[in-house]
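S.K.: If you scroll down you'll find the structure; I have some questions about it.
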Amino acid sequence: MSKYTKYRKLGKTSSQRKALIRNQVTALIYNGKIITTEARAKEVRKFAEGLIAMAVREKDNFETVKVTAKVPRKDKDGKRVKEVVDGKKVTVYDEVEKEIKKDKPSRLHARRQMLKVLYDVTEVPSTPAGRKRNTKAVDLPAKLFDEIAPKYANRNGGYTRIVKIGQRKGDGAMEVLLELV
């Protein structure tokens, strides 16, 4: 690395590099650990630590609010109940009171900053039956705020660890395990 660059170029164009880093940060937050090359791990670590620090800073910055929401009524099979009104089939809705977390402005900003880096993750069930049906989107900012941030609340930085594994068979690049501490 030359003495004038602030980051590693990783032999990629800027768009490819950005995509690679976003992809690996997303995988790290979602899985808790990734195996990659040493140079990539050191770049990914910068972004991941920044996101976790942001989550720790804003983890308690919300208020709980009671709201009434219209929820479609469902039968025993999970299908929506419909009734005929003026010759048209219309879904029946029930009003339900829910408690939701309402982000304060700084936490909302942090959430949007996280979404700038993280990709959308969709959880797919391992059973082949109804693969499309039971997929669900994972809210990674919520995972950062609710699961990861409380673990690191009394820790000042150093949220990730790089462990050298050895050299890759194909090109001899040093492989490392990047994991959340």
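For the structure tokens, the naming scheme is as follows: chains receive sequential letters (A, B, ...) according to their order of presentation, residues are indexed from 1 within each chain, and ligands are indexed from 1 in presentation order.
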As a PyMOL selection string, list the residues of chain A assigned to alpha helix (DSSP H) by DSSP on the backbone atoms of this structure.
M.R.: chain A and resi 14-31+38-58+105-117+140-143+149-151
S.K.: DSSP on the backbone, strand (DSSP E) only: what residues of region 19-124 of chain A does that give? Format it as a PyMOL selection string.
M.R.: chain A and resi 33-37+62-72+82-85+88-91+93-103+121-123
S.K.: Residues of region 43-104 of chain A within 10 Å of region 149-154 of chain A: nearest atom pair and distance (Å, one decimal) for each, counting only C-alpha atoms, sorted by chain and number, as a tab-separated table?
M.R.:
```
residue	atom	partner	partner_atom	distance
A:Leu51	CA	A:Ala149	CA	9.8
A:Ile52	CA	A:Ala149	CA	6.5
A:Ala53	CA	A:Ala149	CA	7.9
A:Met54	CA	A:Ala149	CA	8.7
A:Ala55	CA	A:Ala149	CA	5.6
A:Val56	CA	A:Ala149	CA	4.6
A:Arg57	CA	A:Ala153	CA	8.3
A:Glu58	CA	A:Ala149	CA	8.8
A:Lys59	CA	A:Ala149	CA	6.5
A:Asp60	CA	A:Pro150	CA	9.4
```
S.K.: Tell me which protein, DNA and RNA residues are within 7 Å of region 101-109 of chain A, counting only C-alpha atoms, leaving out same-chain ones fewer than 3 positions away, and put them as a PyMOL selection string.
M.R.: chain A and resi 58+61-65+112-113
S.K.: In Å, with one decimal, what is the gap from CA of Pro125 (chain A) to CA of Thr160 (chain A)?
M.R.: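 Computing the Euclidean distance for CA of Pro125 (chain A) and CA of Thr160 (chain A) yields 28.3 Å.
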